[in-house]
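Printed here is run.cif (mmCIF, C-alpha atoms and all ligand atoms):
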data_input
#
loop_
_atom_site.label_atom_id
_atom_site.label_comp_id
_atom_site.auth_asym_id
_atom_site.auth_seq_id
_atom_site.Cartn_x
_atom_site.Cartn_y
_atom_site.Cartn_z
CA MET A 93 -7.12 -8.56 4.71
CA SER A 94 -10.38 -9.76 6.31
CA ARG A 95 -12.34 -8.48 3.29
CA LEU A 96 -10.10 -10.64 1.14
CA LEU A 97 -10.57 -13.73 3.26
CA GLY A 98 -14.34 -13.13 3.33
CA ILE A 99 -14.54 -13.12 -0.47
CA LYS A 100 -12.28 -16.18 -0.61
CA GLY A 101 -14.74 -18.03 1.64
CA LEU A 102 -17.69 -17.04 -0.55
CA LEU A 103 -15.97 -18.30 -3.71
CA ALA A 104 -15.07 -21.61 -2.06
CA VAL A 105 -18.71 -22.74 -2.28
CA PRO A 106 -19.10 -22.63 -6.09
CA PHE A 107 -15.62 -24.12 -6.38
CA VAL A 108 -16.75 -27.15 -4.40
CA LEU A 109 -20.06 -27.37 -6.26
CA HIS A 110 -18.94 -26.71 -9.83
CA SER A 111 -15.30 -27.64 -10.32
CA GLN A 112 -14.74 -31.11 -11.71
CA PRO A 113 -11.48 -32.52 -10.34
CA ASN A 114 -12.46 -35.99 -11.59
CA ALA A 115 -12.93 -34.87 -15.23
CA ALA A 116 -9.82 -36.73 -16.36
CA LEU A 117 -10.81 -39.86 -14.45
CA THR A 118 -14.31 -40.63 -15.67
CA ASP A 119 -16.39 -40.59 -18.85
CA VAL A 120 -19.52 -39.44 -17.11
CA ARG A 121 -20.04 -35.88 -18.34
CA THR A 122 -21.92 -33.20 -16.47
CA ASP A 123 -22.85 -29.72 -17.70
CA ASP A 124 -20.29 -27.22 -18.81
CA THR A 125 -18.56 -26.83 -15.49
CA VAL A 126 -16.26 -24.00 -16.49
CA SER A 127 -19.04 -21.69 -17.55
CA ASN A 128 -21.11 -22.68 -14.51
CA ALA A 129 -18.25 -21.88 -12.18
CA ARG A 130 -17.56 -18.60 -13.98
CA ARG A 131 -21.22 -17.59 -13.82
CA ARG A 132 -21.44 -18.35 -10.08
CA TYR A 133 -18.15 -16.61 -9.27
CA ALA A 134 -19.26 -13.55 -11.25
CA GLU A 135 -22.63 -13.50 -9.46
CA ILE A 136 -20.93 -13.57 -6.10
CA MET A 137 -18.62 -10.74 -7.10
CA ARG A 138 -21.66 -8.75 -8.24
CA ASP A 139 -23.33 -9.38 -4.88
CA VAL A 140 -20.23 -8.16 -3.01
CA GLU A 141 -20.10 -5.14 -5.33
CA GLN A 142 -23.66 -4.32 -4.26
CA LEU A 143 -22.74 -4.74 -0.59
CA VAL A 144 -19.95 -2.22 -1.13
CA ASN A 145 -22.40 0.21 -2.78
CA ASP A 146 -24.76 -0.26 0.13
CA HIS A 147 -21.92 0.49 2.55
CA ILE A 148 -21.00 3.62 0.60
CA GLU A 149 -24.61 4.79 0.91
CA HIS A 150 -24.41 4.24 4.68
CA GLN A 151 -21.14 6.18 4.78
CA ARG A 152 -22.81 9.01 2.86
CA ARG A 153 -25.60 9.14 5.42
CA GLY A 154 -23.09 9.14 8.29
CA ILE A 155 -24.06 5.71 9.62
CA PRO A 156 -21.35 3.37 8.21
CA GLU A 157 -21.50 1.17 11.31
CA ARG A 158 -25.02 0.09 10.33
CA SER A 159 -24.25 -1.34 6.90
CA LYS A 160 -24.51 -5.07 6.34
CA LEU A 161 -20.90 -5.23 5.16
CA LYS A 162 -19.66 -3.53 8.34
CA LEU A 163 -21.63 -6.01 10.43
CA LEU A 164 -20.06 -8.89 8.48
CA VAL A 165 -16.54 -7.41 8.42
CA PRO A 166 -16.02 -5.21 11.49
CA SER A 167 -12.47 -4.26 10.49
CA LEU A 168 -13.75 -2.66 7.29
CA SER A 169 -12.18 0.71 6.50
CA ILE A 170 -13.56 3.54 4.38
CA PHE A 171 -14.60 3.01 0.74
CA PHE A 172 -13.67 6.05 -1.30
CA THR A 173 -15.09 4.63 -4.54
CA PRO A 174 -17.32 1.73 -5.58
CA LEU A 175 -15.44 -1.39 -6.69
CA MET A 176 -16.21 -2.87 -10.10
CA LEU A 177 -15.79 -6.40 -8.82
CA GLU A 178 -17.76 -8.34 -11.43
CA GLU A 179 -15.97 -6.76 -14.36
CA ALA A 180 -12.63 -7.09 -12.58
CA PHE A 181 -13.31 -10.77 -11.95
CA MET A 182 -13.95 -11.36 -15.65
CA ALA A 183 -10.71 -9.57 -16.54
CA GLN A 184 -8.61 -11.54 -14.04
CA ASP A 185 -10.38 -14.79 -14.92
CA ALA A 186 -9.31 -14.28 -18.54
CA ARG A 187 -5.71 -13.98 -17.34
CA ARG A 188 -5.56 -16.44 -14.47
CA ALA A 189 -8.12 -19.04 -15.65
CA ILE A 190 -9.70 -19.05 -12.21
CA SER A 191 -12.95 -20.73 -13.27
CA SER A 192 -11.12 -23.34 -15.38
CA ARG A 193 -9.16 -24.61 -12.42
CA ARG A 194 -10.29 -27.93 -11.02
CA PHE A 195 -7.92 -28.54 -8.12
CA VAL A 196 -6.89 -25.08 -6.94
CA SER A 197 -9.69 -22.92 -5.55
CA PRO A 198 -9.75 -19.10 -5.88
CA SER A 199 -6.80 -18.02 -3.79
CA PHE A 200 -5.82 -15.10 -1.64
CA ASN A 201 -3.69 -13.79 -4.52
CA ASP A 202 -6.52 -14.19 -7.06
CA ILE A 203 -8.74 -12.07 -4.88
CA ARG A 204 -6.08 -9.50 -4.06
CA LEU A 205 -5.54 -9.01 -7.81
CA ILE A 206 -9.29 -8.86 -8.54
CA LEU A 207 -9.66 -6.15 -5.88
CA ASN A 208 -6.73 -4.21 -7.39
CA THR A 209 -8.24 -4.40 -10.88
CA ALA A 210 -11.65 -3.39 -9.53
CA GLN A 211 -10.08 -0.38 -7.82
CA ILE A 212 -8.25 0.66 -10.98
CA MET A 213 -11.42 0.27 -13.09
CA SER A 214 -13.40 2.38 -10.65
CA LEU A 215 -10.73 5.09 -10.62
CA VAL A 216 -10.75 5.26 -14.41
CA LYS A 217 -14.54 5.42 -14.51
CA GLY A 218 -14.95 7.74 -11.50
CA GLY A 219 -12.00 9.34 -9.77
CA PRO A 220 -10.55 11.14 -11.64
CA LEU A 221 -7.14 10.07 -10.44
CA LYS A 222 -5.09 13.12 -9.46
CA LEU A 223 -2.39 11.67 -7.17
CA VAL A 224 -0.63 8.32 -7.04
CA THR A 225 1.64 7.56 -4.10
CA PHE A 226 4.02 4.63 -4.12
CA ASP A 227 5.76 2.78 -1.35
CA GLY A 228 9.47 2.15 -2.11
CA ASP A 229 10.88 -1.26 -1.17
CA VAL A 230 9.09 -4.21 -2.83
CA THR A 231 6.66 -1.83 -4.60
CA LEU A 232 8.99 0.17 -6.87
CA TYR A 233 12.17 -1.93 -6.47
CA ASP A 234 13.27 -5.09 -4.72
CA ASP A 235 13.76 -4.99 -0.95
CA GLY A 236 16.82 -2.88 -0.13
CA ALA A 237 17.54 -2.16 -3.82
CA SER A 238 17.40 1.13 -5.74
CA LEU A 239 15.30 2.44 -8.61
CA ILE A 240 17.81 2.00 -11.43
CA PRO A 241 17.37 3.38 -14.98
CA SER A 242 16.33 0.01 -16.46
CA ASN A 243 13.36 -0.32 -14.09
CA GLN A 244 10.16 -0.81 -16.13
CA VAL A 245 8.11 1.30 -13.75
CA ILE A 246 9.87 4.53 -14.79
CA SER A 247 8.19 4.95 -18.19
CA ARG A 248 4.79 4.25 -16.62
CA ILE A 249 5.32 6.89 -13.92
CA LEU A 250 6.32 9.38 -16.64
CA ASP A 251 3.11 8.51 -18.50
CA LEU A 252 1.08 9.27 -15.35
CA MET A 253 2.89 12.58 -14.90
CA SER A 254 2.30 13.52 -18.53
CA MET A 255 -1.44 13.19 -17.83
CA GLY A 256 -1.02 15.83 -15.10
CA ILE A 257 -1.22 13.24 -12.31
CA CYS A 258 0.90 14.06 -9.24
CA VAL A 259 3.25 11.37 -7.94
CA GLY A 260 4.64 10.80 -4.44
CA VAL A 261 7.12 8.21 -3.26
CA VAL A 262 6.01 7.66 0.34
CA THR A 263 8.64 5.47 1.92
CA ALA A 264 9.58 4.55 5.46
CA ALA A 265 13.24 4.92 4.51
CA GLY A 266 14.09 8.07 6.41
CA TYR A 267 16.98 10.32 5.41
CA GLU A 268 17.39 14.02 5.93
CA GLU A 269 19.55 14.70 2.86
CA ALA A 270 18.46 14.84 -0.78
CA LYS A 271 21.54 12.86 -1.81
CA ARG A 272 20.38 9.72 0.00
CA TYR A 273 17.04 9.75 -1.81
CA ASN A 274 18.80 10.40 -5.10
CA ASP A 275 20.97 7.32 -4.42
CA ARG A 276 17.81 5.21 -4.03
CA LEU A 277 15.67 6.81 -6.76
CA HIS A 278 18.18 8.08 -9.32
CA GLY A 279 16.68 6.13 -12.26
CA LEU A 280 13.35 7.90 -11.90
CA LEU A 281 14.81 11.32 -11.08
CA GLU A 282 17.13 11.28 -14.09
CA ALA A 283 14.36 10.12 -16.42
CA VAL A 284 12.13 12.99 -15.28
CA HIS A 285 15.07 15.39 -15.62
CA ASN A 286 15.82 14.20 -19.19
CA SER A 287 12.20 14.00 -20.32
CA GLU A 288 11.39 16.33 -23.20
CA SER A 289 7.68 15.62 -23.17
CA LEU A 290 6.99 16.59 -19.54
CA THR A 291 6.48 20.30 -18.88
CA GLU A 292 8.37 21.98 -16.02
CA THR A 293 5.11 22.20 -14.07
CA GLN A 294 4.47 18.47 -14.54
CA LYS A 295 8.03 17.70 -13.39
CA LYS A 296 7.38 19.58 -10.16
CA ASN A 297 4.47 17.23 -9.48
CA LEU A 298 6.92 14.61 -8.18
CA VAL A 299 7.68 14.48 -4.46
CA VAL A 300 9.47 12.09 -2.14
CA LEU A 301 8.28 11.76 1.44
CA GLY A 302 10.71 9.82 3.60
CA GLY A 303 10.46 8.44 7.13
CA GLU A 304 6.72 7.77 6.59
CA ALA A 305 5.76 11.47 6.89
CA ASN A 306 8.88 13.23 8.08
CA PHE A 307 11.07 14.57 5.26
CA MET A 308 9.57 15.98 2.06
CA PHE A 309 11.51 16.76 -1.10
CA ARG A 310 10.22 17.99 -4.43
CA PHE A 311 11.71 17.45 -7.87
CA ASN A 312 13.69 20.40 -9.17
CA SER A 313 15.88 20.20 -12.30
CA GLN A 314 18.02 23.10 -11.08
CA VAL A 315 19.33 21.73 -7.78
CA PRO A 316 22.00 19.15 -6.96
CA HIS A 317 20.51 15.64 -6.64
CA LEU A 318 17.35 16.92 -8.41
CA LEU A 319 15.44 17.16 -5.12
CA GLU A 320 14.92 20.16 -2.88
CA PRO A 321 13.45 20.14 0.62
CA VAL A 322 9.89 21.49 0.82
CA PRO A 323 9.28 23.89 3.73
CA ARG A 324 7.32 22.00 6.37
CA ASP A 325 4.64 24.65 6.53
CA MET A 326 3.59 23.80 2.99
CA TRP A 327 2.84 20.14 3.61
CA ALA A 328 2.69 19.20 7.31
CA LEU A 329 -0.82 18.73 8.70
CA ASP A 330 -1.93 20.88 11.63
CA GLU A 331 -1.93 17.85 13.92
CA MET A 332 1.75 17.27 13.05
CA LYS A 333 2.71 20.86 13.73
CA ALA A 334 1.68 20.28 17.35
CA TRP A 335 4.21 17.48 17.89
CA LYS A 336 6.65 18.26 20.69
CA ASP A 337 10.35 17.42 20.50
CA GLU A 338 10.28 16.00 24.05
CA ASP A 339 7.50 13.61 23.04
CA ILE A 340 9.42 12.45 19.99
CA THR A 341 12.50 11.76 22.11
CA GLU A 342 10.45 9.95 24.74
CA LEU A 343 8.67 7.76 22.20
CA LEU A 344 11.94 6.84 20.55
CA ASP A 345 13.53 6.11 23.95
CA ILE A 346 10.73 3.71 24.85
CA SER A 347 10.92 2.08 21.41
CA GLU A 348 14.67 1.67 21.65
CA ALA A 349 14.32 0.02 25.05
CA THR A 350 11.77 -2.52 23.77
CA LEU A 351 13.84 -3.24 20.68
CA ARG A 352 16.91 -3.83 22.86
CA ASP A 353 14.85 -6.11 25.03
CA SER A 354 13.71 -8.18 22.01
CA VAL A 355 17.28 -8.41 20.72
CA LYS A 356 18.40 -9.66 24.11
CA THR A 357 15.60 -12.13 24.80
CA MET A 358 15.69 -13.66 21.32
CA ARG A 359 19.48 -13.41 21.06
CA LEU A 360 19.22 -11.61 17.70
CA LYS A 361 22.39 -10.74 15.84
CA ALA A 362 21.15 -7.20 15.34
CA ASP A 363 22.39 -3.64 15.50
CA ILE A 364 20.27 -0.79 16.78
CA VAL A 365 19.91 2.23 14.50
CA ARG A 366 18.71 5.46 16.07
CA LYS A 367 17.73 8.40 13.87
CA SER A 368 16.03 11.75 14.48
CA ARG A 369 12.56 10.33 13.73
CA ALA A 370 13.03 6.55 13.91
CA VAL A 371 14.70 3.70 15.70
CA GLY A 372 15.17 0.22 14.33
CA ILE A 373 17.05 -3.05 14.41
CA ILE A 374 18.99 -4.15 11.37
CA PRO A 375 20.71 -7.52 10.86
CA GLN A 376 24.43 -7.92 11.38
CA ALA A 377 26.29 -9.00 8.22
CA GLY A 378 25.09 -12.38 6.95
CA THR A 379 22.12 -12.60 9.30
CA LYS A 380 18.58 -13.43 8.18
CA PHE A 381 15.95 -13.12 10.89
CA PHE A 382 13.00 -15.49 11.10
CA ARG A 383 9.62 -13.96 10.28
CA GLU A 384 8.41 -14.93 13.75
CA GLN A 385 11.28 -13.06 15.40
CA LEU A 386 10.50 -9.95 13.38
CA GLU A 387 6.78 -10.13 14.16
CA GLU A 388 7.47 -10.70 17.86
CA THR A 389 9.71 -7.64 17.93
CA VAL A 390 7.07 -5.51 16.18
CA LEU A 391 4.23 -6.65 18.42
CA ALA A 392 6.24 -6.15 21.60
CA ALA A 393 7.14 -2.59 20.60
CA GLN A 394 3.60 -1.85 19.45
CA LYS A 395 2.01 -3.05 22.69
CA VAL A 396 4.40 -1.17 24.97
CA LEU A 397 3.95 2.02 22.93
CA GLU A 398 0.16 1.70 22.79
CA LEU A 399 0.05 1.49 26.55
CA SER A 400 2.36 4.46 27.08
CA ASP A 401 1.07 8.02 27.50
CA VAL A 402 3.29 9.38 24.78
CA GLY A 403 2.13 6.61 22.40
CA ARG A 404 -1.39 7.96 22.78
CA ARG A 405 -0.29 11.52 22.01
CA LEU A 406 1.94 10.83 19.03
CA PRO A 407 1.19 8.64 15.99
CA PHE A 408 3.87 6.04 15.33
CA CYS A 409 4.38 3.06 13.09
CA ALA A 410 6.14 -0.14 14.19
CA PHE A 411 6.61 -2.50 11.27
CA ASN A 412 8.41 -5.54 9.92
CA GLY A 413 10.48 -4.47 6.91
CA GLY A 414 11.34 -7.99 5.74
CA ASN A 415 14.68 -8.32 7.52
CA ASP A 416 14.53 -5.37 9.89
CA VAL A 417 12.10 -3.74 12.30
CA PHE A 418 11.57 0.00 12.58
CA VAL A 419 9.52 2.27 14.77
CA ASP A 420 8.91 5.56 12.98
CA ILE A 421 7.34 8.75 14.22
CA GLY A 422 4.20 9.23 12.13
CA ASP A 423 2.79 6.79 9.62
CA LYS A 424 1.84 6.54 5.95
CA ARG A 425 -1.71 7.73 6.58
CA LEU A 426 -0.09 11.05 7.39
CA GLY A 427 2.43 10.60 4.58
CA VAL A 428 -0.26 10.32 1.91
CA ALA A 429 -2.32 13.06 3.56
CA CYS A 430 0.69 15.41 3.44
CA CYS A 431 1.05 14.79 -0.31
CA GLN A 432 -2.67 15.42 -0.73
CA ARG A 433 -2.30 18.71 1.12
CA LEU A 434 0.79 19.88 -0.79
CA PHE A 435 -0.89 19.33 -4.14
CA GLY A 436 -3.99 21.34 -3.18
CA ASP A 437 -6.10 19.23 -0.86
CA ILE A 438 -6.61 16.29 -3.19
CA GLN A 439 -9.39 14.01 -1.94
CA GLY A 440 -9.25 10.30 -1.09
CA LEU A 441 -11.34 9.29 -4.10
CA ASN A 442 -8.81 11.03 -6.36
CA THR A 443 -5.79 9.38 -4.71
CA LEU A 444 -4.31 5.89 -5.07
CA HIS A 445 -1.59 4.42 -2.85
CA VAL A 446 0.29 1.39 -4.16
CA GLY A 447 2.16 -0.66 -1.56
CA ASP A 448 3.15 -4.16 -0.48
CA GLN A 449 2.60 -3.98 3.28
CA PHE A 450 -1.12 -4.32 3.94
CA LEU A 451 -1.08 -7.02 6.61
CA SER A 452 -2.82 -5.25 9.45
CA ILE A 453 -0.55 -6.27 12.32
CA SER A 454 2.84 -5.40 10.95
CA GLY A 455 2.47 -3.57 7.63
CA ASN A 456 3.21 0.11 7.20
CA ASP A 457 1.07 0.70 4.09
CA PHE A 458 -2.06 -0.51 5.91
CA LYS A 459 -2.96 2.84 7.44
CA THR A 460 -3.12 4.60 4.08
CA ARG A 461 -6.54 2.95 3.68
CA MET A 462 -7.91 5.69 5.93
CA VAL A 463 -7.11 8.50 3.49
CA CYS A 464 -7.22 7.08 -0.05
CA THR A 465 -7.90 4.14 -2.35
CA THR A 466 -5.22 1.43 -2.37
CA CYS A 467 -3.73 -1.38 -4.42
CA TRP A 468 -1.84 -4.19 -2.69
CA VAL A 469 1.08 -5.54 -4.72
CA ALA A 470 3.47 -8.42 -4.04
CA SER A 471 6.33 -7.27 -6.28
CA PRO A 472 7.56 -4.38 -8.44
CA ALA A 473 6.36 -6.36 -11.50
CA GLU A 474 2.79 -6.20 -10.18
CA THR A 475 3.11 -2.42 -9.78
CA VAL A 476 4.01 -2.21 -13.48
CA ASP A 477 0.97 -4.39 -14.33
CA ILE A 478 -1.36 -2.15 -12.34
CA LEU A 479 -0.07 0.99 -14.01
CA ASP A 480 -0.39 -0.66 -17.44
CA GLU A 481 -3.96 -1.57 -16.61
CA PHE A 482 -4.70 2.02 -15.62
CA LEU A 483 -2.96 3.58 -18.62
CA GLU A 484 -4.64 1.17 -21.03
CA LEU A 485 -8.14 1.74 -19.63
CA ALA A 486 -7.59 5.50 -19.37
CA SER A 487 -6.57 5.73 -23.03
CA ARG A 488 -9.80 4.14 -24.33
P1 LIG A 501 9.39 1.17 2.35
O1 LIG A 501 9.03 -0.21 1.91
O2 LIG A 501 9.69 2.07 1.19
O3 LIG A 501 8.39 1.78 3.28
O4 LIG A 501 10.82 1.10 3.11
C1 LIG A 501 10.97 0.32 4.27
C2 LIG A 501 12.42 -0.01 4.49
O5 LIG A 501 13.23 1.16 4.56
C3 LIG A 501 12.65 -0.68 5.82
O6 LIG A 501 12.40 -2.06 5.77
C4 LIG A 501 14.12 -0.39 6.10
O7 LIG A 501 14.93 -1.39 5.53
C5 LIG A 501 14.40 0.90 5.37
N1 LIG A 501 14.62 2.06 6.26
C6 LIG A 501 15.70 2.86 6.21
N2 LIG A 501 15.60 3.86 7.09
C7 LIG A 501 14.43 3.70 7.72
C8 LIG A 501 13.75 4.47 8.72
O8 LIG A 501 14.21 5.50 9.23
N3 LIG A 501 12.55 3.99 9.12
C9 LIG A 501 11.99 2.88 8.58
N4 LIG A 501 12.60 2.17 7.63
C10 LIG A 501 13.80 2.55 7.18
MG MG A 502 7.47 -1.77 1.03
#
Could you write out this structure as structure tokens?
Amino acid sequence: MSRLLGIKGLLAVPFVLHSQPNAALTDVRTDDTVSNARRRYAEIMRDVEQLVNDHIEHQRRGIPERSKLKLLVPSLSIFFTPLMLEEAFMAQDARRAISSRRFVSPSFNDIRLILNTAQIMSLVKGGPLKLVTFDGDVTLYDDGASLIPSNQVISRILDLMSMGICVGVVTAAGYEEAKRYNDRLHGLLEAVHNSESLTETQKKNLVVLGGEANFMFRFNSQVPHLLEPVPRDMWALDEMKAWKDEDITELLDISEATLRDSVKTMRLKADIVRKSRAVGIIPQAGTKFFREQLEETVLAAQKVLELSDVGRRLPFCAFNGGNDVFVDIGDKRLGVACCQRLFGDIQGLNTLHVGDQFLSISGNDFKTRMVCTTCWVASPAETVDILDEFLELASR
């Protein structure tokens, strides 16, 4: 987020200096403003690319806190790969006509998409990509919807799997039974089941991890609902094996109390949902919460938990799901790391997580940045675009 805003600020300068908003109003001609703007934007992206390389060198030497980029952007996370920002800028400029624009400066979305493209390019060039994890809602399907057979993402995921790439759906949606995941993901599961080009081994490279990092299922053509639970020993990290049931109950009790308090103080028309590894508020029929109410509820829960003893012992994730708020035991950093472990200790530079929730305060995909490379999408259509970009570049 702050990296994005930093780059946006840098690009604002050439926009002011080179764009020509008065071109339609006057005959006085200056130089070719489009190519000037493009050249300056590209130079800036190259400079940032070099800052990233410099930071990676500092990481390699074990002194990441001393890099220039870290000094400029203290919230910087780990870089698992370089970012091909200049080339990515040229590719997105060709699509989005960024340097031809005279009134609208390079936006947050322009830069988010340039970063995504740069990440994909770097993974194709370096990587190699061995594992892709996807968030569910808003990344694979619309909020609250299901992955139905007509979803465009299915054929792309099958293409990844046919290259031997492992796939995980790492979703906050937490259910203990395979049937519930089949209800949400049946389009994908049936397509994998019916595929004649995927080998049985490749088919087994599909897992679903629900409740952030709590319930893992693996594809199996032979079982009802096409998903079978994976024994916890095979995927849970050592730090998770040490979790105590009393701590889980205590953390959920505290969360439930703060959620109830938010419902009461803001007079929300909400129901409380308590599960074995999560507690949340969901809207009563016909209710749409305001974003501010959702954020307030998240922040209140987060603060109380952070200050509690049990909140220091147990990782948790409080997040705004669009029209609900959940506190889950564990988070997606663990979720992705569990997938990496199951598939044979796959490294961060060989893993990509695609998600929509990367706003640091209330997003549940944010923490995956600590264990792998990431792409930040705003819709399922953008997920399809990213996969097309990868598949196209990888086939060259
Ligand atoms: P994601 O985008 O795939 O991570 O799914 C997040 C959404 O799953 C939330 O906004 C909720 O609507 C829904 N959900 C259902 N059960 C749970 C749960 O146990 N914890 C968190 N979210 C849940
Ligand atoms: Mg999501």
Task: Closest of A:Ile246, A:Gly455, A:Arg276, A:Thr465 to Pro220 in chain A - atom-to-atom distances counting only C-alpha atoms - done: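 With only C-alpha atoms as the atom set, the closest residue is A:Thr465.
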Hey, can I get the axis-aligned box for range 205-209 of chain A? All listed atoms, 5 Å padding on each side, centre and edge lengths in Å to one decimal, as AutoDock Vina command-line options.
--center_x -7.6 --center_y -6.6 --center_z -8.4 --size_x 14.1 --size_y 14.8 --size_z 15.0
- [ ] Record the distance separating CA of Glu320 in chain A and CA of Ala370 in chain A, expressed in Å with one decimal.
- [x]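 For CA of Glu320 in chain A relative to CA of Ala370 in chain A, the distance reads 21.7 Å.
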Open item on the list: Could you check the closest approach to Gln211 in chain A for each of A:Gly236, A:Pro241, A:Gly266, A:Pro174 and tell me which residue wins, using all atoms listed in the file?
Closed with: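 So, comparing all the options, the nearest one is A:Pro174.
The space separating CA of Glu398 in chain A from CA of Lys336 in chain A comes to 17.9 Å.
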Please extract the residues at most 7 Å from ligand LIG 501 (chain A), counting only C-alpha atoms and all ligand atoms, and provide them as a PDB file with C-alpha atoms, in the coordinates of the input, using the chain letters and residue numbers of this document.
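After the write, out.pdb holds the following:
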ATOM      1  CA  ASP A 227       5.760   2.780  -1.350  1.00  0.00           C
ATOM      2  CA  GLY A 228       9.470   2.150  -2.110  1.00  0.00           C
ATOM      3  CA  ASP A 229      10.880  -1.260  -1.170  1.00  0.00           C
ATOM      4  CA  VAL A 230       9.090  -4.210  -2.830  1.00  0.00           C
ATOM      5  CA  GLY A 236      16.820  -2.880  -0.130  1.00  0.00           C
ATOM      6  CA  VAL A 262       6.010   7.660   0.340  1.00  0.00           C
ATOM      7  CA  THR A 263       8.640   5.470   1.920  1.00  0.00           C
ATOM      8  CA  ALA A 264       9.580   4.550   5.460  1.00  0.00           C
ATOM      9  CA  ALA A 265      13.240   4.920   4.510  1.00  0.00           C
ATOM     10  CA  GLY A 266      14.090   8.070   6.410  1.00  0.00           C
ATOM     11  CA  TYR A 267      16.980  10.320   5.410  1.00  0.00           C
ATOM     12  CA  GLY A 303      10.460   8.440   7.130  1.00  0.00           C
ATOM     13  CA  LYS A 367      17.730   8.400  13.870  1.00  0.00           C
ATOM     14  CA  ARG A 369      12.560  10.330  13.730  1.00  0.00           C
ATOM     15  CA  ALA A 370      13.030   6.550  13.910  1.00  0.00           C
ATOM     16  CA  VAL A 371      14.700   3.700  15.700  1.00  0.00           C
ATOM     17  CA  GLY A 372      15.170   0.220  14.330  1.00  0.00           C
ATOM     18  CA  ASN A 412       8.410  -5.540   9.920  1.00  0.00           C
ATOM     19  CA  GLY A 413      10.480  -4.470   6.910  1.00  0.00           C
ATOM     20  CA  GLY A 414      11.340  -7.990   5.740  1.00  0.00           C
ATOM     21  CA  ASN A 415      14.680  -8.320   7.520  1.00  0.00           C
ATOM     22  CA  ASP A 416      14.530  -5.370   9.890  1.00  0.00           C
ATOM     23  CA  VAL A 417      12.100  -3.740  12.300  1.00  0.00           C
ATOM     24  CA  PHE A 418      11.570   0.000  12.580  1.00  0.00           C
ATOM     25  CA  VAL A 419       9.520   2.270  14.770  1.00  0.00           C
ATOM     26  CA  ASP A 420       8.910   5.560  12.980  1.00  0.00           C
ATOM     27  CA  ASN A 456       3.210   0.110   7.200  1.00  0.00           C
TER      28      ASN A 456
END
- [ ] Have a look at CA of Val105 in chain A and CA of Glu149 in chain A and let me know their distance in Å, one decimal.
- [x] 28.3 Å
Open item on the list: With distances taken over all atoms listed in the file, which residue among A:Cys431, A:Ile240, A:Val259, A:Ala115 lies nearest Phe195 in chain A?
Closed with: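 Nearest candidate to Phe195 in chain A out of A:Cys431, A:Ile240, A:Val259, A:Ala115: A:Ala115.
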Open item on the list: Just checking: using only C-alpha atoms and all ligand atoms, which residue out of A:Leu232, A:Ala392, A:Leu479, A:Leu298 ends up closest to ligand MG 502 (chain A)?
Closed with: A:Leu232
Open item on the list: Applying 12 Å and all atoms listed in the file, which residues near Glu342 in chain A remain after dropping the ones on its own chain fewer than 6 positions away? List them as an MDAnalysis selection string.
Closed with: chainID A and resid 335:336 348:349 368:371 397 400:403 405:406 421
Open item on the list: Give me the residues near range 141-148 of chain A as number ranges by chain, where near means some atom within 12 Å (using all atoms listed in the file) and where sequence neighbours in that chain fewer than 4 positions away do not count.
Closed with: A: 95, 99, 134-137, 152-165, 168-181, 206-207, 210-211, 214
Open item on the list: Please list, as an MDAnalysis selection string, the residues that have an atom at most 12 Å away from (16.8, -10.2, 20.1) in the coordinates of this file, counting all atoms listed in the file.
Closed with: chainID A and resid 349:364 373:376 381:382 384:390 392 416:417
- [ ] Give me the residues within 8 Å of Ile203 in chain A as a list in words, counting only C-alpha atoms and dropping any in the same chain fewer than 5 places off.
- [x] Leu96, Ile99, Lys100 and Pro198 of chain A
Can you write out the residues you just picked, keeping C-alpha atoms, as a CSV table (one decimal), in the frame of the given file?
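Dumped everything to again_15.csv:
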chain,number,residue,atom,x,y,z
A,96,LEU,CA,-10.1,-10.6,1.1
A,99,ILE,CA,-14.5,-13.1,-0.5
A,100,LYS,CA,-12.3,-16.2,-0.6
A,198,PRO,CA,-9.8,-19.1,-5.9
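Once only C-alpha atoms are considered, the residues situated within 9 Å of the file point (-16.0, -19.8, -18.9) turn out to be Asp124, Thr125, Val126, Ser127, Asn128, Ala129, Arg130, Arg131, Asp185, Ala186, Ala189, Ser191 and Ser192 of chain A.
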How would the residues just chosen look if you wrote them out with C-alpha atoms as a PDB file, keeping the file's coordinate frame?
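File again24.pdb, as written:
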ATOM      1  CA  ASP A 124     -20.290 -27.220 -18.810  1.00  0.00           C
ATOM      2  CA  THR A 125     -18.560 -26.830 -15.490  1.00  0.00           C
ATOM      3  CA  VAL A 126     -16.260 -24.000 -16.490  1.00  0.00           C
ATOM      4  CA  SER A 127     -19.040 -21.690 -17.550  1.00  0.00           C
ATOM      5  CA  ASN A 128     -21.110 -22.680 -14.510  1.00  0.00           C
ATOM      6  CA  ALA A 129     -18.250 -21.880 -12.180  1.00  0.00           C
ATOM      7  CA  ARG A 130     -17.560 -18.600 -13.980  1.00  0.00           C
ATOM      8  CA  ARG A 131     -21.220 -17.590 -13.820  1.00  0.00           C
ATOM      9  CA  ASP A 185     -10.380 -14.790 -14.920  1.00  0.00           C
ATOM     10  CA  ALA A 186      -9.310 -14.280 -18.540  1.00  0.00           C
ATOM     11  CA  ALA A 189      -8.120 -19.040 -15.650  1.00  0.00           C
ATOM     12  CA  SER A 191     -12.950 -20.730 -13.270  1.00  0.00           C
ATOM     13  CA  SER A 192     -11.120 -23.340 -15.380  1.00  0.00           C
TER      14      SER A 192
END
Do a neighbour search on Asp251 in chain A at 10 Å with all atoms listed in the file, toss out local chain neighbours closer than 5 positions, and write the hits as a compact mmCIF listing (two decimals) with C-alpha atoms, in the coordinates of the input.
# COMPACT_ATOMS: atom_id res chain seq x y z
CA VAL A 245 8.11 1.30 -13.75
CA ILE A 246 9.87 4.53 -14.79
CA GLY A 256 -1.02 15.83 -15.10
CA ILE A 257 -1.22 13.24 -12.31
CA SER A 289 7.68 15.62 -23.17
CA LEU A 290 6.99 16.59 -19.54
CA LEU A 479 -0.07 0.99 -14.01
CA ASP A 480 -0.39 -0.66 -17.44
CA LEU A 483 -2.96 3.58 -18.62
